[in-house]
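File shown: query.cif (mmCIF, C-alpha atoms).
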```
data_start
loop_
_atom_site.label_atom_id
_atom_site.label_comp_id
_atom_site.auth_asym_id
_atom_site.auth_seq_id
_atom_site.Cartn_x
_atom_site.Cartn_y
_atom_site.Cartn_z
CA MET A 1 4.24 31.78 22.05
CA GLY A 2 5.73 35.23 21.74
CA VAL A 3 5.66 38.01 24.30
CA GLY A 4 3.49 41.11 24.30
CA ILE A 5 4.36 44.62 25.49
CA THR A 6 2.43 46.57 28.12
CA VAL A 7 3.05 50.30 28.50
CA GLU A 8 1.46 52.26 31.36
CA HIS A 9 1.59 56.03 31.90
CA LEU A 10 4.79 56.47 29.92
CA ASN A 11 6.21 60.00 29.88
CA ALA A 12 9.54 60.80 28.22
CA PHE A 13 11.71 63.88 28.55
CA TYR A 14 14.80 65.31 26.88
CA ALA A 15 16.16 67.64 29.58
CA LYS A 16 13.17 69.94 30.30
CA THR A 17 11.32 69.19 27.07
CA GLN A 18 8.57 66.57 27.35
CA ALA A 19 8.42 64.34 24.27
CA LEU A 20 5.78 61.76 25.31
CA PHE A 21 2.67 62.32 27.40
CA ASP A 22 1.00 59.51 29.36
CA ILE A 23 1.18 56.73 26.76
CA ASN A 24 -0.84 53.58 27.53
CA ILE A 25 -0.82 50.69 25.08
CA VAL A 26 -0.86 46.89 24.98
CA VAL A 27 1.04 45.47 22.00
CA ALA A 28 -0.16 41.98 21.03
CA ALA A 29 2.36 39.14 20.86
CA ASN A 30 3.17 37.67 17.43
CA HIS A 31 1.58 40.52 15.51
CA ALA A 32 2.89 43.58 13.72
CA THR A 33 1.86 46.91 15.22
CA ALA A 34 2.44 50.10 13.19
CA LEU A 35 2.93 53.58 14.64
CA ILE A 36 1.98 56.47 12.37
CA GLY A 37 1.86 60.23 12.72
CA PRO A 38 3.62 63.37 11.43
CA SER A 39 7.35 63.95 11.89
CA GLY A 40 8.41 64.90 15.42
CA CYS A 41 5.28 63.51 17.08
CA GLY A 42 7.09 61.03 19.36
CA LYS A 43 6.90 57.72 17.44
CA SER A 44 10.65 57.09 17.36
CA THR A 45 11.09 58.28 20.95
CA PHE A 46 8.40 55.80 21.97
CA ILE A 47 10.04 52.74 20.43
CA ARG A 48 13.45 53.83 21.71
CA CYS A 49 11.92 53.81 25.21
CA LEU A 50 10.94 50.15 24.70
CA ASN A 51 14.59 49.03 24.61
CA ARG A 52 16.07 52.01 26.46
CA MET A 53 17.91 53.33 23.41
CA HIS A 54 16.82 56.85 24.44
CA GLU A 55 19.29 56.54 27.33
CA THR A 56 22.10 57.09 24.83
CA ILE A 57 20.98 60.75 24.65
CA PRO A 58 22.23 62.96 27.51
CA GLU A 59 19.56 64.19 29.95
CA ALA A 60 16.89 61.84 28.57
CA ARG A 61 14.62 60.27 31.17
CA VAL A 62 11.42 58.27 31.39
CA GLU A 63 8.57 57.91 33.88
CA GLY A 64 6.03 55.09 33.87
CA LYS A 65 6.04 51.32 33.37
CA VAL A 66 7.01 49.15 30.42
CA ARG A 67 6.78 45.37 30.56
CA ILE A 68 8.01 43.03 27.84
CA GLY A 69 6.54 39.65 28.67
CA ASP A 70 7.48 39.13 32.32
CA LEU A 71 10.39 41.58 32.15
CA SER A 72 10.09 45.01 33.74
CA VAL A 73 12.08 47.33 31.47
CA TYR A 74 12.69 50.05 34.07
CA ASN A 75 12.89 48.05 37.26
CA GLY A 76 16.20 46.32 37.85
CA THR A 77 16.75 44.99 34.31
CA SER A 78 20.09 45.88 32.74
CA ALA A 79 20.01 47.53 29.30
CA THR A 80 22.22 44.71 27.93
CA GLN A 81 19.87 42.01 29.22
CA LEU A 82 16.91 43.90 27.77
CA ARG A 83 18.45 44.39 24.31
CA ARG A 84 19.06 40.67 24.00
CA ARG A 85 15.30 40.27 24.08
CA VAL A 86 14.40 43.38 22.09
CA GLY A 87 16.11 43.81 18.71
CA MET A 88 16.15 47.11 16.84
CA VAL A 89 16.41 47.97 13.15
CA PHE A 90 17.03 51.62 12.29
CA GLN A 91 15.88 53.89 9.50
CA LYS A 92 19.27 53.90 7.78
CA PRO A 93 20.96 50.52 7.38
CA ASN A 94 23.99 50.48 9.69
CA PRO A 95 26.12 47.40 8.99
CA PHE A 96 29.59 47.45 10.56
CA PRO A 97 31.58 48.64 7.50
CA THR A 98 34.89 46.89 8.26
CA MET A 99 33.30 43.52 9.04
CA SER A 100 32.44 40.71 6.65
CA ILE A 101 28.81 39.72 6.12
CA TYR A 102 29.37 36.75 8.44
CA ASP A 103 30.93 38.84 11.21
CA ASN A 104 28.15 41.42 10.96
CA VAL A 105 25.55 38.77 11.75
CA ALA A 106 27.67 37.13 14.45
CA ALA A 107 28.67 40.42 16.14
CA GLY A 108 26.02 40.41 18.88
CA LEU A 109 26.65 36.77 19.74
CA LYS A 110 30.40 37.30 19.98
CA LEU A 111 29.81 40.30 22.19
CA ASN A 112 27.84 38.01 24.50
CA GLY A 113 30.79 35.59 24.72
CA PHE A 114 29.65 33.09 22.07
CA ARG A 115 32.74 31.31 20.65
CA ASN A 116 31.62 27.90 19.36
CA ARG A 117 32.32 28.10 15.61
CA LYS A 118 29.85 25.38 14.62
CA GLN A 119 27.03 27.07 16.56
CA LEU A 120 27.97 30.47 15.15
CA ASP A 121 27.85 29.03 11.61
CA GLU A 122 24.38 27.63 12.30
CA VAL A 123 23.04 30.87 13.76
CA VAL A 124 24.48 32.98 10.92
CA HIS A 125 22.94 30.63 8.34
CA LYS A 126 19.57 30.57 10.10
CA SER A 127 19.47 34.37 10.64
CA LEU A 128 20.36 35.15 7.03
CA GLN A 129 17.70 32.70 5.87
CA ALA A 130 15.13 34.29 8.17
CA ALA A 131 16.06 37.70 6.74
CA ALA A 132 15.63 36.37 3.15
CA LEU A 133 19.28 37.13 2.35
CA TRP A 134 21.04 33.75 2.47
CA GLU A 135 20.67 32.85 -1.21
CA GLU A 136 22.07 36.23 -2.27
CA VAL A 137 25.19 36.20 -0.07
CA LYS A 138 26.00 32.57 0.83
CA ASP A 139 29.09 32.45 -1.44
CA GLN A 140 30.49 35.76 -0.16
CA LEU A 141 30.05 35.51 3.61
CA HIS A 142 33.72 36.03 4.42
CA LYS A 143 34.78 37.80 1.22
CA LYS A 144 32.47 40.81 1.20
CA SER A 145 32.00 43.51 3.82
CA GLY A 146 28.50 44.37 5.01
CA ALA A 147 28.93 47.86 3.57
CA SER A 148 29.49 46.50 0.03
CA LEU A 149 25.88 45.26 -0.24
CA SER A 150 23.03 47.26 -1.80
CA GLY A 151 20.84 49.40 0.48
CA GLY A 152 18.05 46.81 0.61
CA GLN A 153 20.49 43.99 1.29
CA GLN A 154 22.18 46.04 4.02
CA GLN A 155 18.83 46.53 5.74
CA ARG A 156 18.11 42.79 5.58
CA LEU A 157 21.62 42.17 6.93
CA CYS A 158 20.78 44.44 9.88
CA ILE A 159 17.58 42.45 10.42
CA ALA A 160 19.63 39.20 10.36
CA ARG A 161 22.04 40.73 12.90
CA ALA A 162 19.11 41.62 15.17
CA LEU A 163 17.60 38.12 14.82
CA ALA A 164 20.89 36.34 15.57
CA VAL A 165 20.69 37.05 19.31
CA GLN A 166 17.21 35.45 19.30
CA PRO A 167 15.11 38.37 20.53
CA GLU A 168 11.39 38.09 21.28
CA VAL A 169 10.53 41.59 20.07
CA LEU A 170 11.72 43.38 16.94
CA LEU A 171 11.47 47.17 16.79
CA MET A 172 11.75 48.81 13.36
CA ASP A 173 12.16 52.56 13.02
CA GLU A 174 11.12 53.42 9.44
CA PRO A 175 13.08 50.46 8.05
CA CYS A 176 12.12 51.18 4.43
CA SER A 177 12.38 54.97 4.22
CA ALA A 178 15.81 54.85 2.54
CA LEU A 179 14.92 51.97 0.18
CA ASP A 180 13.60 51.60 -3.36
CA PRO A 181 10.14 50.03 -3.95
CA ILE A 182 11.52 46.54 -4.73
CA SER A 183 13.62 46.43 -1.55
CA THR A 184 10.68 47.84 0.41
CA GLY A 185 8.50 45.00 -0.90
CA LYS A 186 11.05 42.44 0.28
CA ILE A 187 11.20 43.95 3.78
CA GLU A 188 7.39 44.01 3.99
CA GLU A 189 7.24 40.38 2.91
CA LEU A 190 9.79 39.63 5.59
CA ILE A 191 7.71 41.35 8.29
CA PHE A 192 4.81 39.07 7.34
CA GLN A 193 6.95 35.99 7.86
CA LEU A 194 8.71 37.19 11.00
CA LYS A 195 5.60 38.09 12.97
CA GLU A 196 4.80 34.39 13.30
CA GLN A 197 7.81 34.17 15.62
CA TYR A 198 8.34 37.72 16.88
CA THR A 199 6.33 40.65 18.19
CA ILE A 200 7.01 43.49 15.76
CA VAL A 201 6.56 47.24 16.26
CA ILE A 202 7.19 49.35 13.16
CA VAL A 203 7.33 53.14 12.88
CA THR A 204 6.34 54.22 9.39
CA HIS A 205 5.45 57.39 7.50
CA ASN A 206 3.97 55.26 4.76
CA MET A 207 0.33 54.68 5.59
CA GLN A 208 -0.10 52.13 2.80
CA GLN A 209 2.72 50.17 4.40
CA ALA A 210 1.02 50.26 7.81
CA ALA A 211 -2.19 49.02 6.17
CA ARG A 212 -0.30 46.21 4.39
CA VAL A 213 1.83 44.80 7.22
CA ALA A 214 0.21 45.60 10.57
CA GLU A 215 -2.84 44.19 12.33
CA PHE A 216 -2.85 47.09 14.81
CA THR A 217 -2.00 50.77 14.36
CA GLY A 218 -1.39 53.62 16.79
CA PHE A 219 -1.65 57.27 15.75
CA PHE A 220 0.69 59.70 17.49
CA LEU A 221 0.31 63.47 17.52
CA LEU A 222 2.37 66.00 19.51
CA GLY A 223 3.72 63.32 21.85
CA LYS A 224 0.32 61.77 22.60
CA MET A 225 -1.22 58.50 21.48
CA ILE A 226 -4.44 59.81 19.96
CA GLU A 227 -5.88 56.47 18.94
CA PHE A 228 -4.89 52.81 18.96
CA ASP A 229 -6.98 50.11 17.31
CA LYS A 230 -7.13 47.45 14.64
CA THR A 231 -5.48 48.80 11.50
CA GLU A 232 -8.60 48.40 9.40
CA LYS A 233 -10.62 50.51 11.83
CA ILE A 234 -7.95 53.24 12.05
CA PHE A 235 -7.97 53.58 8.27
CA THR A 236 -11.70 53.21 7.60
CA THR A 237 -13.69 54.35 10.66
CA PRO A 238 -11.36 56.03 13.16
CA SER A 239 -12.94 57.24 16.42
CA ASP A 240 -11.04 60.53 16.60
CA LYS A 241 -11.41 63.37 14.10
CA ARG A 242 -7.65 64.06 14.25
CA THR A 243 -6.91 60.49 13.17
CA GLU A 244 -9.37 60.81 10.30
CA ASP A 245 -7.78 64.10 9.21
CA TYR A 246 -4.34 62.53 9.21
CA VAL A 247 -5.16 59.28 7.37
CA THR A 248 -7.20 61.13 4.74
CA GLY A 249 -4.33 63.55 4.11
CA ARG A 250 -6.00 66.69 5.48
CA PHE A 251 -2.93 67.43 7.55
CA GLY A 252 0.55 66.03 8.30
#
```
In structure tokens, how does this file's structure come out?
Amino acid sequence: MGVGITVEHLNAFYAKTQALFDINIVVAANHATALIGPSGCGKSTFIRCLNRMHETIPEARVEGKVRIGDLSVYNGTSATQLRRRVGMVFQKPNPFPTMSIYDNVAAGLKLNGFRNRKQLDEVVHKSLQAAALWEEVKDQLHKKSGASLSGGQQQRLCIARALAVQPEVLLMDEPCSALDPISTGKIEELIFQLKEQYTIVIVTHNMQQAARVAEFTGFFLLGKMIEFDKTEKIFTTPSDKRTEDYVTGRFG
């Protein structure tokens, strides 16, 4: 069984500017949850708070509670310990350019002191398979750098790298926005397969994508979670007029 995420009264600030206002949400384990809303409404800040990536920005701070399974994100857990359990895939693929495909996938494990070559080989193989990339790169693992792959392959390589440390949660911040339709289709297919083993939260501007991949959807506006429900309900009979206006294209 996977782990769910519980967020209570989450407020986020960048210096004196408040970016998130009193967010409360329960993210179901082993499902994909999409976050939609116009640019600058707090979606990316929210998922960065789930694995404390926002802490990389000076003067950023958070109030409230976040639990991932039995782990309290803001109460005595180190960021390193947390990020082993919560993987992140960014909008722009970011493979390590000087590393081979193999070393890109193994990077997180090596950082955690993993040295057994046979085990590394197994994890790299398994992670690339899980990211639907193995067949395309298996003969070039040590010959090609991660940066030499196509955009779609690079993004799947970044997913493989995130999976290699065996997280329980996978956060995806607009993972397809820089990709062509064929690569986007492959990533969406991948999300379908991965949610059997992982809890997935995906930020997307593409409402069709949210409808295709996610069982639950949250609508953000001006730093607030306006509505959170089953995806079908959000897109067909939302409870809030602002949600309806957004999903029908009246604003945003």
Could you write out as a compact mmCIF listing (two decimals) with C-alpha atoms, in the coordinates of the input the residues that the PyMOL selection byres ((chain A and resi 159) around 9) matches in the shown file?
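Wrote it out as result_37.txt, contents follow:
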```txt
# COMPACT_ATOMS: atom_id res chain seq x y z
CA GLY A 87 16.11 43.81 18.71
CA MET A 88 16.15 47.11 16.84
CA VAL A 89 16.41 47.97 13.15
CA VAL A 105 25.55 38.77 11.75
CA SER A 127 19.47 34.37 10.64
CA LEU A 128 20.36 35.15 7.03
CA ALA A 130 15.13 34.29 8.17
CA ALA A 131 16.06 37.70 6.74
CA GLN A 154 22.18 46.04 4.02
CA GLN A 155 18.83 46.53 5.74
CA ARG A 156 18.11 42.79 5.58
CA LEU A 157 21.62 42.17 6.93
CA CYS A 158 20.78 44.44 9.88
CA ALA A 160 19.63 39.20 10.36
CA ARG A 161 22.04 40.73 12.90
CA ALA A 162 19.11 41.62 15.17
CA LEU A 163 17.60 38.12 14.82
CA ALA A 164 20.89 36.34 15.57
CA LEU A 170 11.72 43.38 16.94
```
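Comparing A:Lys118, A:Arg242, A:His9, A:Arg212 by their smallest distance to A:Val62, the closest is A:His9 (using all atoms listed in the file).
Shell of A:Gly4 at 7 Å, with only C-alpha atoms counted and residues fewer than 3 places along the chain excluded, is A:Val27, A:Ala28, A:Ala29, A:Ile68, A:Gly69, A:Thr199.
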*Give as a VMD selection string the residues that the PyMOL selection byres ((chain A and resi 8) around 10) matches when applied to the coordinates above.*
chain A and resid 6 to 7 9 to 11 22 to 26 63 to 67
*asked:* Evaluated on this file, the PyMOL selection byres ((chain A and resi 220-231) around 7) picks out some residues - which ones are they, written as a list in words?
replied: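 Selection result, ordered by chain and number: Ala19, Leu20, Phe21, Ile23, Ile36, Gly37, Pro38, Cys41, Gly42, Lys43, Ala211, Ala214, Glu215, Phe216, Thr217, Gly218, Phe219, Glu232, Lys233, Ile234, Phe235 and Asp240 of chain A.
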